[in-house]
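A.B. asks: Below is query.cif; it holds mmCIF, C-alpha atoms.
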data_model
#
loop_
_atom_site.label_atom_id
_atom_site.label_comp_id
_atom_site.auth_asym_id
_atom_site.auth_seq_id
_atom_site.Cartn_x
_atom_site.Cartn_y
_atom_site.Cartn_z
CA MET A 112 6.85 -17.91 -1.35
CA SER A 113 7.96 -15.48 1.32
CA ALA A 114 5.70 -12.60 2.32
CA LEU A 115 8.02 -10.00 0.79
CA GLY A 116 8.31 -12.02 -2.41
CA ALA A 117 4.53 -11.99 -2.60
CA VAL A 118 4.54 -8.17 -2.31
CA PHE A 119 7.05 -7.90 -5.17
CA LEU A 120 5.08 -10.26 -7.40
CA ARG A 121 1.84 -8.39 -6.72
CA GLU A 122 3.38 -4.98 -7.50
CA TRP A 123 4.97 -6.40 -10.64
CA ARG A 124 1.66 -7.84 -11.89
CA VAL A 125 -0.36 -4.71 -11.10
CA ALA A 126 2.18 -2.52 -12.92
CA ARG A 127 2.41 -4.75 -15.99
CA ARG A 128 -1.34 -5.14 -16.51
CA ILE A 129 -3.69 -2.77 -18.29
CA GLY A 130 -3.84 0.59 -16.53
CA GLY A 131 -0.78 -0.19 -14.44
CA GLY A 132 1.24 2.48 -16.15
CA ALA A 133 4.64 0.75 -16.11
CA SER A 134 5.63 1.87 -19.61
CA VAL A 135 4.18 5.38 -19.37
CA GLY A 136 7.38 6.64 -17.73
CA ALA A 137 9.55 5.42 -20.62
CA VAL A 138 7.21 6.93 -23.21
CA PHE A 139 7.16 10.27 -21.35
CA PHE A 140 10.97 10.11 -21.25
CA LEU A 141 11.08 9.57 -25.02
CA ILE A 142 8.77 12.54 -25.64
CA LEU A 143 10.79 14.88 -23.42
CA VAL A 144 14.07 13.90 -25.10
CA THR A 145 12.54 14.20 -28.56
CA MET A 146 11.30 17.72 -27.87
CA MET A 147 14.71 19.04 -26.84
CA PRO A 148 16.21 19.34 -30.37
CA PHE A 149 13.09 21.22 -31.43
CA ALA A 150 13.53 23.67 -28.58
CA LEU A 151 17.32 24.07 -28.77
CA GLY A 152 17.77 23.99 -32.53
CA PRO A 153 19.86 21.69 -34.75
CA ASP A 154 23.28 22.65 -33.36
CA LEU A 155 24.78 19.18 -32.93
CA ARG A 156 27.71 20.33 -30.79
CA LEU A 157 25.38 22.12 -28.38
CA LEU A 158 23.07 19.09 -28.19
CA ALA A 159 25.97 16.72 -27.55
CA LYS A 160 27.26 18.98 -24.79
CA LEU A 161 23.86 19.27 -23.12
CA GLY A 162 22.93 15.64 -23.78
CA PRO A 163 23.74 14.16 -20.34
CA ALA A 164 21.90 17.00 -18.57
CA ILE A 165 18.87 16.63 -20.84
CA LEU A 166 18.70 12.88 -20.26
CA TRP A 167 18.99 13.39 -16.51
CA ILE A 168 16.31 16.09 -16.30
CA ALA A 169 14.00 13.95 -18.45
CA ALA A 170 14.68 10.93 -16.24
CA LEU A 171 14.00 12.96 -13.10
CA LEU A 172 10.62 14.15 -14.38
CA SER A 173 9.68 10.70 -15.71
CA THR A 174 10.54 9.13 -12.36
CA LEU A 175 7.97 11.36 -10.68
CA LEU A 176 5.32 10.05 -13.04
CA GLY A 177 3.63 7.09 -11.40
CA LEU A 178 5.42 7.48 -8.09
CA ASP A 179 2.44 9.35 -6.66
CA ARG A 180 0.38 6.17 -7.00
CA LEU A 181 2.95 4.10 -5.08
CA PHE A 182 0.98 4.28 -1.82
CA GLN A 183 -2.09 6.24 -2.89
CA ALA A 184 -3.61 3.33 -4.80
CA ASP A 185 -3.18 1.10 -1.74
CA SER A 186 -4.61 3.79 0.51
CA GLU A 187 -7.74 4.12 -1.63
CA ASP A 188 -8.57 0.43 -1.81
CA GLY A 189 -7.78 -0.22 1.86
CA SER A 190 -4.72 -2.41 1.25
CA LEU A 191 -2.38 0.02 3.02
CA ASP A 192 -4.08 -0.72 6.36
CA LEU A 193 -3.60 -4.45 5.91
CA LEU A 194 0.05 -4.18 4.83
CA ALA A 195 0.67 -2.87 8.35
CA HIS A 196 -0.89 -6.05 9.80
CA ALA A 197 1.57 -8.37 8.09
CA ALA A 198 4.45 -10.07 9.84
CA PRO A 199 7.22 -8.25 7.88
CA PRO A 200 7.75 -4.69 9.16
CA LEU A 201 6.22 -1.88 7.12
CA GLU A 202 9.73 -0.56 6.40
CA ALA A 203 10.64 -3.78 4.56
CA ILE A 204 7.38 -3.70 2.62
CA VAL A 205 8.07 -0.08 1.58
CA LEU A 206 11.54 -1.09 0.34
CA VAL A 207 10.13 -4.00 -1.67
CA LYS A 208 7.41 -1.82 -3.18
CA CYS A 209 10.09 0.69 -4.24
CA ALA A 210 12.22 -2.09 -5.73
CA ALA A 211 9.26 -3.37 -7.72
CA HIS A 212 8.42 0.16 -8.89
CA TRP A 213 12.01 0.70 -10.00
CA ALA A 214 12.15 -2.61 -11.85
CA THR A 215 8.85 -2.10 -13.69
CA SER A 216 8.79 1.64 -14.36
CA ILE A 217 12.33 3.05 -14.13
CA LEU A 218 14.53 0.23 -15.44
CA PRO A 219 12.96 0.35 -18.97
CA LEU A 220 13.77 4.05 -19.04
CA VAL A 221 17.40 3.42 -18.10
CA VAL A 222 17.71 0.70 -20.73
CA ALA A 223 16.24 2.99 -23.38
CA ALA A 224 18.41 5.99 -22.44
CA PRO A 225 21.38 5.19 -24.81
CA LEU A 226 18.93 4.81 -27.69
CA PHE A 227 17.25 8.13 -26.97
CA GLY A 228 20.64 9.76 -26.45
CA LEU A 229 21.40 9.15 -30.16
CA MET A 230 18.80 11.81 -30.92
CA LEU A 231 20.95 14.29 -29.00
CA ALA A 232 24.06 13.49 -31.09
CA MET A 233 25.88 12.03 -28.07
CA ASP A 234 28.90 9.81 -28.76
CA GLY A 235 29.57 6.34 -27.38
CA PRO A 236 31.43 7.15 -24.15
CA ALA A 237 28.92 9.86 -23.21
CA LEU A 238 26.01 7.48 -23.81
CA GLY A 239 27.67 4.79 -21.73
CA LEU A 240 28.46 7.06 -18.80
CA THR A 241 25.01 8.64 -18.80
CA THR A 242 23.32 5.24 -18.79
CA LEU A 243 25.59 4.05 -16.00
CA THR A 244 24.91 7.11 -13.84
CA LEU A 245 21.17 6.79 -14.49
CA ALA A 246 21.26 3.14 -13.42
CA VAL A 247 23.05 4.07 -10.19
CA GLY A 248 21.16 7.31 -9.51
CA THR A 249 17.53 6.47 -10.26
CA PRO A 250 17.16 4.25 -7.16
CA ALA A 251 17.88 7.37 -5.09
CA LEU A 252 15.21 9.30 -7.02
CA THR A 253 12.74 6.47 -6.37
CA MET A 254 13.50 6.30 -2.65
CA ILE A 255 13.29 10.09 -2.16
CA GLY A 256 10.04 10.05 -4.13
CA ALA A 257 8.69 7.30 -1.89
CA ILE A 258 8.89 9.63 1.12
CA GLY A 259 6.80 12.22 -0.73
CA ALA A 260 4.42 9.52 -1.93
CA ALA A 261 3.94 8.27 1.63
CA LEU A 262 3.27 11.77 2.96
CA THR A 263 0.61 12.43 0.32
CA ALA A 264 -0.88 8.93 0.18
CA SER A 265 -4.18 9.89 1.79
CA LEU A 266 -4.63 13.17 -0.11
CA ARG A 267 -6.64 13.63 -3.25
CA ARG A 268 -4.57 15.32 -5.99
CA GLY A 269 -1.56 14.53 -3.84
CA GLY A 270 0.60 14.00 -6.92
CA LEU A 271 1.26 17.70 -7.46
CA LEU A 272 2.11 18.25 -3.81
CA MET A 273 4.41 15.24 -4.00
CA ALA A 274 6.33 16.75 -6.95
CA VAL A 275 6.75 20.03 -5.07
CA LEU A 276 8.03 18.17 -2.00
CA VAL A 277 10.35 15.79 -3.82
CA LEU A 278 11.99 17.84 -6.58
CA PRO A 279 14.05 20.10 -4.27
CA LEU A 280 15.32 17.04 -2.41
CA SER A 281 16.45 15.52 -5.71
CA ILE A 282 18.89 18.34 -6.46
CA PRO A 283 21.99 16.59 -4.99
CA VAL A 284 21.26 13.50 -7.08
CA LEU A 285 20.96 15.67 -10.17
CA ILE A 286 24.20 17.57 -9.48
CA PHE A 287 26.36 14.51 -9.00
CA GLY A 288 24.60 12.46 -11.68
CA VAL A 289 25.06 15.06 -14.42
CA SER A 290 28.56 15.86 -13.22
CA ALA A 291 29.66 12.24 -13.55
CA ALA A 292 27.80 11.72 -16.82
CA SER A 293 29.39 14.81 -18.40
CA ALA A 294 32.93 13.61 -17.71
CA ALA A 295 33.22 12.08 -21.18
CA SER A 296 31.79 15.12 -23.00
CA GLY A 297 33.95 17.88 -21.61
CA GLY A 298 32.60 18.18 -18.09
CA PHE A 299 34.19 20.06 -15.23
CA ALA A 300 35.01 17.12 -12.98
CA PRO A 301 36.66 13.72 -13.45
CA PHE A 302 34.27 10.79 -13.53
CA LEU A 303 35.03 8.87 -10.40
CA THR A 304 34.52 11.44 -7.64
CA PRO A 305 30.97 12.54 -8.46
CA PHE A 306 30.07 8.95 -9.36
CA ALA A 307 31.18 7.71 -5.94
CA VAL A 308 29.10 10.41 -4.23
CA LEU A 309 26.11 9.49 -6.42
CA ALA A 310 26.43 5.84 -5.42
CA ALA A 311 26.71 6.88 -1.77
CA ILE A 312 23.53 8.96 -2.00
CA SER A 313 21.72 6.00 -3.57
CA LEU A 314 22.84 3.62 -0.83
CA PHE A 315 22.01 6.11 1.92
CA THR A 316 18.47 6.73 0.63
CA MET A 317 17.89 2.98 0.29
CA ALA A 318 18.81 2.58 3.95
CA ALA A 319 17.05 5.65 5.37
CA ALA A 320 14.03 6.40 3.17
CA PRO A 321 12.03 3.23 4.08
CA PHE A 322 11.99 4.37 7.72
CA ALA A 323 10.88 7.88 6.79
CA ALA A 324 8.20 6.61 4.41
CA ALA A 325 6.86 4.03 6.88
CA ALA A 326 6.72 6.68 9.62
CA ALA A 327 4.83 8.99 7.26
CA ILE A 328 2.32 6.24 6.46
CA ARG A 329 1.72 5.56 10.16
CA LEU A 330 1.36 9.27 10.94
CA THR A 331 -1.08 10.12 8.18
CA ARG A 332 -3.25 7.04 8.69
CA GLU A 333 -6.65 7.50 10.25
CA MET B 252 -7.83 -15.89 24.37
CA ARG B 253 -9.86 -12.81 25.14
CA LEU B 254 -10.01 -9.15 24.21
CA VAL B 255 -9.98 -6.72 27.13
CA ALA B 256 -10.85 -3.07 26.54
CA ASN B 257 -10.31 -0.71 29.47
CA HIS B 258 -11.86 2.76 29.74
CA LEU B 259 -11.59 3.55 26.04
CA THR B 260 -12.03 7.17 25.03
CA LEU B 261 -11.86 8.13 21.39
CA GLU B 262 -11.79 11.55 19.77
CA ARG B 263 -11.93 12.44 16.10
CA GLY B 264 -11.22 15.97 14.96
CA GLY B 265 -11.65 17.38 18.46
CA ARG B 266 -15.04 15.70 18.97
CA ARG B 267 -15.39 13.07 21.66
CA LEU B 268 -17.11 10.02 20.18
CA PHE B 269 -17.34 7.93 23.34
CA ALA B 270 -15.71 7.92 26.74
CA ASP B 271 -14.86 5.35 29.39
CA LEU B 272 -15.97 2.35 27.35
CA SER B 273 -14.93 -0.94 28.95
CA PHE B 274 -15.78 -4.43 27.82
CA GLU B 275 -14.37 -7.93 27.60
CA VAL B 276 -14.87 -10.48 24.86
CA ALA B 277 -13.94 -14.10 25.49
CA ALA B 278 -13.04 -16.74 22.91
CA GLY B 279 -16.10 -17.96 21.03
CA GLU B 280 -18.06 -14.78 21.64
CA ALA B 281 -19.48 -12.34 19.11
CA VAL B 282 -20.20 -8.68 19.79
CA ILE B 283 -22.42 -6.61 17.53
CA VAL B 284 -21.65 -2.90 17.77
CA THR B 285 -24.74 -0.84 17.01
CA GLY B 286 -25.67 2.80 17.19
CA PRO B 287 -26.72 5.71 15.02
CA ASN B 288 -24.55 7.14 12.24
CA GLY B 289 -21.58 8.99 13.68
CA ALA B 290 -21.70 7.22 17.05
CA GLY B 291 -18.16 5.94 16.54
CA LYS B 292 -18.72 2.34 15.47
CA SER B 293 -16.17 2.40 12.66
CA SER B 294 -13.75 4.44 14.76
CA LEU B 295 -14.00 1.91 17.60
CA LEU B 296 -13.09 -0.91 15.20
CA ARG B 297 -10.22 1.09 13.67
CA GLY B 298 -9.01 1.86 17.18
CA LEU B 299 -9.10 -1.80 18.14
CA ALA B 300 -7.24 -2.62 14.91
CA GLY B 301 -4.48 -0.18 15.91
CA PHE B 302 -5.08 2.41 13.18
CA LEU B 303 -6.42 5.13 15.49
CA PRO B 304 -4.92 6.00 18.86
CA PHE B 305 -7.31 6.04 21.80
CA ALA B 306 -7.27 9.32 23.73
CA GLN B 307 -7.41 7.28 26.94
CA GLY B 308 -7.52 3.62 27.80
CA ALA B 309 -6.20 0.65 25.93
CA ALA B 310 -7.37 -2.60 24.39
CA ARG B 311 -5.29 -5.73 24.47
CA LEU B 312 -5.52 -9.31 23.40
CA GLU B 313 -4.74 -11.77 26.19
CA GLY B 314 -3.74 -15.39 25.88
CA GLY B 315 -2.92 -15.39 22.20
CA ALA B 316 0.15 -16.68 20.40
CA ALA B 317 3.10 -15.55 22.48
CA GLU B 318 5.37 -14.33 19.70
CA ALA B 319 2.83 -12.54 17.55
CA THR B 320 1.90 -8.90 18.10
CA SER B 321 -1.80 -8.25 18.52
CA GLU B 322 -1.87 -6.67 15.05
CA GLU B 323 -0.73 -10.00 13.61
CA GLN B 324 -3.63 -11.81 15.28
CA LEU B 325 -6.50 -9.81 13.89
CA HIS B 326 -8.33 -9.33 10.63
CA TYR B 327 -9.74 -5.90 9.87
CA LEU B 328 -12.39 -5.74 7.17
CA GLY B 329 -13.43 -2.16 6.51
CA HIS B 330 -15.61 -0.42 3.94
CA ALA B 331 -12.96 -0.90 1.25
CA ASP B 332 -12.45 -4.39 -0.12
CA SER B 333 -8.61 -4.21 -0.27
CA LEU B 334 -8.59 -5.85 -3.69
CA LYS B 335 -6.51 -4.86 -6.72
CA ALA B 336 -8.82 -4.40 -9.68
CA ALA B 337 -6.23 -5.56 -12.23
CA LEU B 338 -5.53 -8.88 -10.48
CA THR B 339 -7.80 -11.91 -10.51
CA ALA B 340 -9.76 -12.95 -7.43
CA ALA B 341 -7.43 -15.90 -6.89
CA GLU B 342 -4.30 -13.74 -7.27
CA ASN B 343 -5.63 -11.23 -4.75
CA LEU B 344 -6.41 -13.93 -2.19
CA THR B 345 -3.12 -15.77 -2.77
CA PHE B 346 -1.28 -12.52 -2.11
CA TRP B 347 -3.10 -11.90 1.18
CA ALA B 348 -2.62 -15.51 2.26
CA GLU B 349 1.13 -15.27 1.65
CA LEU B 350 1.50 -11.84 3.25
CA LEU B 351 -0.73 -12.41 6.28
CA GLY B 352 0.28 -16.02 6.84
CA GLY B 353 -1.72 -18.68 5.04
CA GLY B 354 -3.34 -21.58 6.84
CA SER B 355 -4.94 -24.85 5.94
CA VAL B 356 -7.72 -23.42 3.78
CA PRO B 357 -6.65 -23.17 0.13
CA VAL B 358 -7.77 -20.19 -1.94
CA ALA B 359 -10.06 -22.27 -4.14
CA ALA B 360 -11.85 -23.72 -1.09
CA ALA B 361 -12.33 -20.27 0.44
CA LEU B 362 -13.85 -18.97 -2.79
CA ALA B 363 -16.09 -22.03 -3.00
CA ARG B 364 -17.30 -21.33 0.54
CA PHE B 365 -18.72 -18.04 -0.74
CA GLY B 366 -20.07 -19.54 -3.96
CA LEU B 367 -17.42 -18.00 -6.18
CA PRO B 368 -15.34 -20.84 -7.72
CA HIS B 369 -16.33 -19.78 -11.24
CA VAL B 370 -14.90 -16.26 -10.95
CA ALA B 371 -11.51 -17.20 -9.47
CA ASP B 372 -9.67 -16.34 -12.70
CA PHE B 373 -11.58 -13.17 -13.55
CA PRO B 374 -9.97 -9.79 -12.87
CA VAL B 375 -11.66 -8.19 -9.89
CA ARG B 376 -12.61 -5.15 -11.98
CA ALA B 377 -15.08 -7.38 -13.84
CA LEU B 378 -16.90 -8.51 -10.68
CA SER B 379 -20.06 -7.01 -9.19
CA ALA B 380 -20.02 -5.17 -5.86
CA GLY B 381 -21.44 -8.20 -4.04
CA GLN B 382 -18.93 -10.55 -5.64
CA LYS B 383 -16.05 -8.24 -4.68
CA ARG B 384 -17.36 -8.22 -1.12
CA ARG B 385 -17.44 -12.02 -1.07
CA VAL B 386 -13.84 -12.19 -2.33
CA ALA B 387 -12.89 -9.77 0.45
CA LEU B 388 -14.69 -11.97 3.00
CA ALA B 389 -12.83 -15.03 1.70
CA ARG B 390 -9.65 -13.33 2.94
CA LEU B 391 -10.82 -14.09 6.49
CA LEU B 392 -10.57 -17.80 5.68
CA VAL B 393 -7.30 -18.04 3.74
CA ALA B 394 -5.29 -16.39 6.54
CA PRO B 395 -6.46 -17.78 9.89
CA ARG B 396 -6.48 -15.16 12.64
CA PRO B 397 -8.48 -15.32 15.87
CA LEU B 398 -9.90 -11.79 16.12
CA TRP B 399 -12.19 -10.55 13.34
CA LEU B 400 -13.04 -6.83 13.28
CA LEU B 401 -15.79 -6.41 10.70
CA ASP B 402 -17.19 -3.04 9.62
CA GLU B 403 -20.55 -3.51 7.85
CA PRO B 404 -19.43 -6.89 6.50
CA THR B 405 -22.67 -7.75 4.70
CA THR B 406 -22.86 -4.62 2.51
CA ALA B 407 -24.00 -5.54 -1.02
CA LEU B 408 -24.47 -9.23 -0.13
CA ASP B 409 -27.57 -11.11 -1.25
CA ALA B 410 -29.57 -13.30 1.15
CA ALA B 411 -27.79 -16.55 0.22
CA SER B 412 -24.36 -14.99 0.71
CA GLN B 413 -25.41 -13.51 4.05
CA ALA B 414 -26.45 -16.98 5.20
CA ALA B 415 -23.16 -18.46 3.96
CA PHE B 416 -21.24 -15.75 5.80
CA ALA B 417 -23.25 -16.40 8.99
CA ASP B 418 -22.16 -20.05 8.74
CA VAL B 419 -18.54 -19.02 8.31
CA MET B 420 -18.76 -16.77 11.39
CA ARG B 421 -20.41 -19.52 13.49
CA GLU B 422 -17.60 -21.90 12.53
CA HIS B 423 -15.01 -19.29 13.47
CA LEU B 424 -16.68 -18.77 16.85
CA SER B 425 -16.98 -22.47 17.62
CA GLY B 426 -13.25 -22.76 16.84
CA GLY B 427 -12.48 -20.27 19.62
CA GLY B 428 -12.44 -17.12 17.52
CA ILE B 429 -13.78 -13.68 18.36
CA VAL B 430 -16.01 -11.57 16.10
CA ILE B 431 -16.65 -7.88 16.67
CA ALA B 432 -18.89 -6.46 13.99
CA ALA B 433 -20.40 -3.02 13.45
CA THR B 434 -23.59 -3.37 11.50
CA HIS B 435 -27.12 -2.12 10.97
CA ALA B 436 -28.35 -5.36 9.41
CA PRO B 437 -28.84 -8.53 11.46
CA LEU B 438 -25.94 -10.93 10.97
CA GLY B 439 -27.84 -14.10 11.90
CA LEU B 440 -25.68 -14.89 14.92
CA ASP B 441 -27.61 -16.32 17.87
CA GLY B 442 -26.36 -15.36 21.29
CA ALA B 443 -24.28 -12.45 20.08
CA ARG B 444 -23.86 -9.68 22.61
CA SER B 445 -24.75 -6.18 21.68
CA LEU B 446 -22.66 -3.11 22.38
CA ARG B 447 -24.62 0.05 21.79
CA LEU B 448 -22.80 3.32 21.16
CA GLY B 449 -25.22 6.17 21.60
CA GLY B 450 -24.65 9.71 20.40
CA ALA B 451 -21.51 10.36 22.49
CA ARG B 452 -23.43 9.88 25.75
CA VAL B 453 -24.99 6.54 26.61
CA VAL B 454 -22.87 3.44 26.49
CA GLU B 455 -24.41 0.24 27.65
CA ASP B 456 -23.47 -3.38 27.40
CA GLU B 457 -26.38 -5.77 27.50
CA ARG B 458 -26.69 -9.50 27.13
#
If you convert what's in this file into C-alpha cells, what do you get?
C.D. replies:
Amino acid sequence: MSALGAVFLREWRVARRIGGGASVGAVFFLILVTMMPFALGPDLRLLAKLGPAILWIAALLSTLLGLDRLFQADSEDGSLDLLAHAAPPLEAIVLVKCAAHWATSILPLVVAAPLFGLMLAMDGPALGLTTLTLAVGTPALTMIGAIGAALTASLRRGGLLMAVLVLPLSIPVLIFGVSAASAASGGFAPFLTPFAVLAAISLFTMAAAPFAAAAAIRLTRE
Amino acid sequence: MRLVANHLTLERGGRRLFADLSFEVAAGEAVIVTGPNGAGKSSLLRGLAGFLPFAQGAARLEGGAAEATSEEQLHYLGHADSLKAALTAAENLTFWAELLGGGSVPVAAALARFGLPHVADFPVRALSAGQKRRVALARLLVAPRPLWLLDEPTTALDAASQAAFADVMREHLSGGGIVIAATHAPLGLDGARSLRLGGARVVEDER
C-alpha cells in the first residue's frame, strides 16, 4: 500500500474505533436540528422556509466538533513529528487526513441531512438541494477548519480558539451554501449561480488549505 | 556515511543552551549525550532531527542515499511513543513501516525481537508503559534508516528488554548505522563516545 493510503487507513480506523468520535458529529447534528422546532414553535411554513439555513448552521457547528483533534491528537502522542519525516510531503498528508476526516465524520451527517430535514417540514426539492449543497460545501468547511486545527495543534484547550478562528472564515461558505439550498423554497437567488461559487470555494480551499495548514504545523512545532 | 555538526548554537525561549558545538560521527559509531537536566540534550536531538532551528551552525548527513533528504534518513524517538491507543501494536507498526518506507524486517519479527509477539493484536491502550516503549522501539527495525536519534530510549524498560535493545543497537552499528542517544542510564554499548553538555558553559568531546 502507498504511504498516503496507509495514512487514510490509519485515520479511518482510529475514527471508527471506540473513542474515535466519528459518529458524534452526526448525533450532535441531529440534536441541533431537533431542538429548532422547540425554539421556533410549530409553525410549519416558518420551519420549511428556515429549514435549509437551520441544516446549514447545524452542519457548520457539527463540522467543528472533532476537527480540533485533527492534528492535536498527533501532536500529543508525538506522531506529528514523524509524519514530517515521511517521504510524501506534509501538505499531501494534511490533505489525506482531511479527506479521511470528511469521510468518517462529515459524510454520515450529509447522508442523514434529508432525514433530519423532515423534522423541519421541508419538501422534496428543498431536501435534495440542501443535501447536495452540504455535500459540495462541507469539504470547504473541513479544509478551512484544518488551518485552524493546525494553528492550535500544540495548545491545550485549543479547540475553543480554533472555533473562534475558523467560524468567521466560514461565512462565505455559509452564504453561498444557504443561498443555493434555499432556491427551491422561495430563496432570493436562482440555484446555479451560488452553487457554482460554493463549488469554487470548495475546490480553492482543497488546493490552498493544505499548504497553509502544513506551514502552520512547521511554524508551531518545537 | 557520517554526520557532521559545525559550530551548533541553540537557544530556547531566549536562553542559550549551548554554543559552538562541533562534532563528527562516522558510520558504525555511537554517541551518548549526557549532562544535567536542562543542559539541552533533548533540544540537541530535536535540532538534529530538523524540528528546532539552530541559532547558528548546521548539521548535515554526508554520503547517504543521494535522492533522500536527511529527514528521510533518520529515526527520531522522543519521550512520546507515537502510537495510537485505539490501534493494535501490529497496526501501529504496519502504518509506520508503510509511511516511513518498510524494509526487510516484517512487523511480527520486529515485535519478536523485543519479546512482544503475544501482544501484536492487542490495542496499544491495553499495554503497559514498558510494552508501549518496546513497540515504539520496534519502529526502528521495521523502517530501516541509518541515523537513530534516541531521547531516553530505555525509559520504563526492564533489564531483559534493555539487553535486547542493546543487541539491536549493536547490530545497527555493525551494519554501518549511527546512534546518537541522550540518556542518564547506561545503554550497554562498548566503545560509545560521550558528548557532555554542561550547564550552558562547558562542552567537551572525549573518547
A.B. asks: Set out as CSV a contact list for chain A and chain B with a cut-off of 6 Å, giving each residue of chain A that qualifies its closest atom pair and distance in Å to one decimal, counting only C-alpha atoms, ordered by chain and rising residue number.
C.D. replies:
residue,atom,partner,partner_atom,distance
A:Ala114,CA,B:Leu350,CA,4.4
A:Ala117,CA,B:Phe346,CA,5.9
A:Asp188,CA,B:Ser333,CA,4.9
A:Gly189,CA,B:Ser333,CA,4.6
A:Ser190,CA,B:Ser333,CA,4.5
A:His196,CA,B:Glu322,CA,5.4
A:Ala197,CA,B:Leu351,CA,5.0
A:Glu333,CA,B:Leu303,CA,5.8
A.B. asks: With C-alpha atoms retained, export the selected residues as a PDB file, keeping the file's coordinate frame.
C.D. replies:
ATOM      1  CA  ALA A 114       5.700 -12.600   2.320  1.00  0.00           C
ATOM      2  CA  ALA A 117       4.530 -11.990  -2.600  1.00  0.00           C
ATOM      3  CA  ASP A 188      -8.570   0.430  -1.810  1.00  0.00           C
ATOM      4  CA  GLY A 189      -7.780  -0.220   1.860  1.00  0.00           C
ATOM      5  CA  SER A 190      -4.720  -2.410   1.250  1.00  0.00           C
ATOM      6  CA  HIS A 196      -0.890  -6.050   9.800  1.00  0.00           C
ATOM      7  CA  ALA A 197       1.570  -8.370   8.090  1.00  0.00           C
ATOM      8  CA  GLU A 333      -6.650   7.500  10.250  1.00  0.00           C
TER       9      GLU A 333
END
A.B. asks: Go through the shown structure with the PyMOL selection byres ((chain B and resi 405) around 9) and write out the matching residues as a list in words.
C.D. replies: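 Given this file, the PyMOL selection byres ((chain B and resi 405) around 9) evaluates to Gly381, Arg384, Arg385, Asp402, Glu403, Pro404, Thr406, Ala407, Leu408, Asp409, Ser412, Gln413, Phe416, Thr434, Ala436 and Leu438 of chain B.
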A.B. asks: Around the point (-17.9, 3.5, 14.1) (coordinates from the file), which residues reach within 12 Å if we count all atoms listed in the file? Answer as a PyMOL selection string.
C.D. replies: chain B and resi 261-263+268-269+283-299+303+329-330+400-403+431-435+446-451
A.B. asks: When the PyMOL selection byres ((chain A and resi 122) around 9) is applied to the structure above, which residues does it catch, written out as a list in words?
C.D. replies: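 Written out, the selection comes to Ala117, Val118, Phe119, Leu120, Arg121, Trp123, Arg124, Val125, Ala126, Arg127, Val207, Lys208, Ala211, His212 and Thr215 of chain A.
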A.B. asks: To verify the selection step, state as a list in words which residues the PyMOL selection byres ((chain B and resi 391) around 10) yields on this input.
C.D. replies: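 Evaluating the PyMOL selection byres ((chain B and resi 391) around 10) on this file yields Leu325, His326, Tyr327, Leu328, Leu344, Trp347, Ala348, Ala361, Val386, Ala387, Leu388, Ala389, Arg390, Leu392, Val393, Ala394, Pro395, Arg396, Pro397, Leu398, Trp399, Val419, Met420 and His423 of chain B.
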A.B. asks: Export C-alpha atoms of the chosen residues as a PDB file, in the frame of the given file?
C.D. replies:
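The resulting file, selection-v9.pdb, is shown below:
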ATOM      1  CA  LEU B 325      -6.500  -9.810  13.890  1.00  0.00           C
ATOM      2  CA  HIS B 326      -8.330  -9.330  10.630  1.00  0.00           C
ATOM      3  CA  TYR B 327      -9.740  -5.900   9.870  1.00  0.00           C
ATOM      4  CA  LEU B 328     -12.390  -5.740   7.170  1.00  0.00           C
ATOM      5  CA  LEU B 344      -6.410 -13.930  -2.190  1.00  0.00           C
ATOM      6  CA  TRP B 347      -3.100 -11.900   1.180  1.00  0.00           C
ATOM      7  CA  ALA B 348      -2.620 -15.510   2.260  1.00  0.00           C
ATOM      8  CA  ALA B 361     -12.330 -20.270   0.440  1.00  0.00           C
ATOM      9  CA  VAL B 386     -13.840 -12.190  -2.330  1.00  0.00           C
ATOM     10  CA  ALA B 387     -12.890  -9.770   0.450  1.00  0.00           C
ATOM     11  CA  LEU B 388     -14.690 -11.970   3.000  1.00  0.00           C
ATOM     12  CA  ALA B 389     -12.830 -15.030   1.700  1.00  0.00           C
ATOM     13  CA  ARG B 390      -9.650 -13.330   2.940  1.00  0.00           C
ATOM     14  CA  LEU B 392     -10.570 -17.800   5.680  1.00  0.00           C
ATOM     15  CA  VAL B 393      -7.300 -18.040   3.740  1.00  0.00           C
ATOM     16  CA  ALA B 394      -5.290 -16.390   6.540  1.00  0.00           C
ATOM     17  CA  PRO B 395      -6.460 -17.780   9.890  1.00  0.00           C
ATOM     18  CA  ARG B 396      -6.480 -15.160  12.640  1.00  0.00           C
ATOM     19  CA  PRO B 397      -8.480 -15.320  15.870  1.00  0.00           C
ATOM     20  CA  LEU B 398      -9.900 -11.790  16.120  1.00  0.00           C
ATOM     21  CA  TRP B 399     -12.190 -10.550  13.340  1.00  0.00           C
ATOM     22  CA  VAL B 419     -18.540 -19.020   8.310  1.00  0.00           C
ATOM     23  CA  MET B 420     -18.760 -16.770  11.390  1.00  0.00           C
ATOM     24  CA  HIS B 423     -15.010 -19.290  13.470  1.00  0.00           C
TER      25      HIS B 423
END
A.B. asks: Kindly give the distance, in Å, that separates CA of Arg444 in chain B and CA of Val282 in chain B, rounded to a single decimal.
C.D. replies: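 Distance reported for this atom pair: 4.7 Å.
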A.B. asks: Fewer than 6 positions away in the same chain doesn't count, so skip those; otherwise give me all residues within 12 Å of range 297-313 of chain A, counting only C-alpha atoms, as number ranges by chain.
C.D. replies: A: 156-157, 159-164, 233-234, 236-237, 240-241, 243-255, 280-291, 319-320
A.B. asks: From the options A:Leu172, A:Leu115, A:Ala214, A:Ala257, which residue's atoms come nearest to Ala198 in chain A, counting all atoms listed in the file?
C.D. replies: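 With all atoms listed in the file as the atom set, the closest residue is A:Leu115.
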A.B. asks: From the list A:Val205, A:Ala325, A:Ala318, A:Leu166, which residue is nearest Leu229 in chain A when using all atoms listed in the file?
C.D. replies: A:Leu166
A.B. asks: Between CA of Ala295 in chain A and CA of Ile142 in chain A, what is the distance, to one decimal in Å?
C.D. replies: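 That distance, rounded to one decimal, is 24.9 Å.
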A.B. asks: In Å, with one decimal, what is the gap from CA of Gly427 in chain B to CA of Pro199 in chain A?
C.D. replies: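 One can read the CA of Gly427 in chain B to CA of Pro199 in chain A distance as 25.9 Å.
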A.B. asks: What lies within 12 Å of Arg267 in chain A using all atoms listed in the file, ignoring chain neighbours under 5 positions off, as a CSV table (one decimal) with C-alpha atoms, keeping the file's coordinate frame?
C.D. replies:
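Once everything was written out, this is part.csv:
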chain,number,residue,atom,x,y,z
A,179,ASP,CA,2.4,9.4,-6.7
A,180,ARG,CA,0.4,6.2,-7.0
A,183,GLN,CA,-2.1,6.2,-2.9
A,184,ALA,CA,-3.6,3.3,-4.8
A,186,SER,CA,-4.6,3.8,0.5
A,187,GLU,CA,-7.7,4.1,-1.6
A,260,ALA,CA,4.4,9.5,-1.9
A,262,LEU,CA,3.3,11.8,3.0
A,272,LEU,CA,2.1,18.2,-3.8
A,273,MET,CA,4.4,15.2,-4.0
